[in-house]
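Written out below as structure tokens is the structure these notes cover.
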Amino acid sequence: MRRSEFLRAVDTEFQARATSLVNDLGLTALRGRTAVEALADGTPPREIWLALCTEMDVPEDRRYGVGRQEPRKR
């Protein structure tokens, strides 16, 4: 997962709360760091996404493959 895919996934899943969650929510799996802090520290976006999903009780079926753009049609 790329950073852009992470941000797209967060926006899609959490909508109006997205910015607040990535800036303010300390994630247990990331030793209390926020998503923004973890990204700055070099934590892989996929790891942050899964930690955020766990913390926010996102159902398993909405955790994988999100944030990806549809492939370009040729």
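Chain lettering (A, B, ...) mirrors the order of the structure tokens, residue numbering begins at 1 for each chain separately, and ligand numbering begins at 1 in order of display.
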
- Message: Need the shell around A:Arg3: protein/DNA/RNA residues with any atom at most 9 Å away, counting only C-alpha atoms. Skip same-chain ones fewer than 4 positions apart. Format as a PyMOL selection string?
- Response: chain A and resi 7-8+39+44-46

Can those selected residues be exported to a file as an mmCIF file, in the first residue's frame so that it contains N, CA and C atoms?
data_model
loop_
_atom_site.group_PDB
_atom_site.id
_atom_site.type_symbol
_atom_site.label_atom_id
_atom_site.label_comp_id
_atom_site.auth_asym_id
_atom_site.auth_seq_id
_atom_site.Cartn_x
_atom_site.Cartn_y
_atom_site.Cartn_z
ATOM 1 N N LEU A 7 -4.133 7.188 2.259
ATOM 2 C CA LEU A 7 -4.942 8.383 2.462
ATOM 3 C C LEU A 7 -6.306 8.248 1.790
ATOM 4 N N ARG A 8 -6.348 7.653 0.612
ATOM 5 C CA ARG A 8 -7.616 7.427 -0.083
ATOM 6 C C ARG A 8 -8.493 6.465 0.710
ATOM 7 N N LEU A 39 3.600 7.710 9.967
ATOM 8 C CA LEU A 39 4.046 7.941 8.585
ATOM 9 C C LEU A 39 5.369 8.702 8.577
ATOM 10 N N PRO A 44 5.357 1.589 7.480
ATOM 11 C CA PRO A 44 4.658 1.318 6.220
ATOM 12 C C PRO A 44 3.165 1.673 6.322
ATOM 13 N N PRO A 45 2.638 2.346 5.301
ATOM 14 C CA PRO A 45 1.223 2.737 5.318
ATOM 15 C C PRO A 45 0.268 1.565 5.559
ATOM 16 N N ARG A 46 0.569 0.384 5.037
ATOM 17 C CA ARG A 46 -0.299 -0.779 5.234
ATOM 18 C C ARG A 46 -0.414 -1.123 6.717
#

- Query: Tell me, which residues of chain A carry DSSP alpha helix (DSSP H), written as a ChimeraX atom specification?
  - Reply: /A:3-14,18-24,35-40,45-55

Extract, using only C-alpha atoms, all DNA, RNA and protein residues at most 9 Å from A:Leu50, discarding same-chain residues fewer than 5 positions from it, and format them as an mmCIF file with N, CA and C atoms, in the first residue's frame.
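Resulting contents of selection_35.cif:
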data_model
loop_
_atom_site.group_PDB
_atom_site.id
_atom_site.type_symbol
_atom_site.label_atom_id
_atom_site.label_comp_id
_atom_site.auth_asym_id
_atom_site.auth_seq_id
_atom_site.Cartn_x
_atom_site.Cartn_y
_atom_site.Cartn_z
ATOM 1 N N PRO A 45 2.638 2.346 5.301
ATOM 2 C CA PRO A 45 1.223 2.737 5.318
ATOM 3 C C PRO A 45 0.268 1.565 5.559
ATOM 4 N N GLU A 55 -8.253 -0.423 15.598
ATOM 5 C CA GLU A 55 -8.653 0.540 16.629
ATOM 6 C C GLU A 55 -10.104 1.000 16.447
ATOM 7 N N ARG A 63 -11.100 -4.059 4.992
ATOM 8 C CA ARG A 63 -9.704 -3.701 5.291
ATOM 9 C C ARG A 63 -8.740 -3.943 4.139
ATOM 10 N N TYR A 64 -9.066 -4.793 3.216
ATOM 11 C CA TYR A 64 -8.098 -5.210 2.209
ATOM 12 C C TYR A 64 -8.481 -4.716 0.826
#

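For the choices A:Ile48, A:Cys53, A:Val58, A:Ala18, the atom-to-atom distance to A:Leu30 is smallest for A:Ile48 when using only C-alpha atoms.
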
- Message: Taking 5 positions as the minimum chain separation for residues in the same chain, which residues sit within 12 Å of A:Phe14 when counting only C-alpha atoms? Answer as a PyMOL selection string.
- Response: chain A and resi 6-9+19-22+49+52-53+56-58+62

- Task: Between A:Ala51, A:Met1, A:Val10, A:Ala40, single out the one closest to A:Gly26, counting only C-alpha atoms.
- Result: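 So, comparing all the options, the nearest one is A:Ala51.
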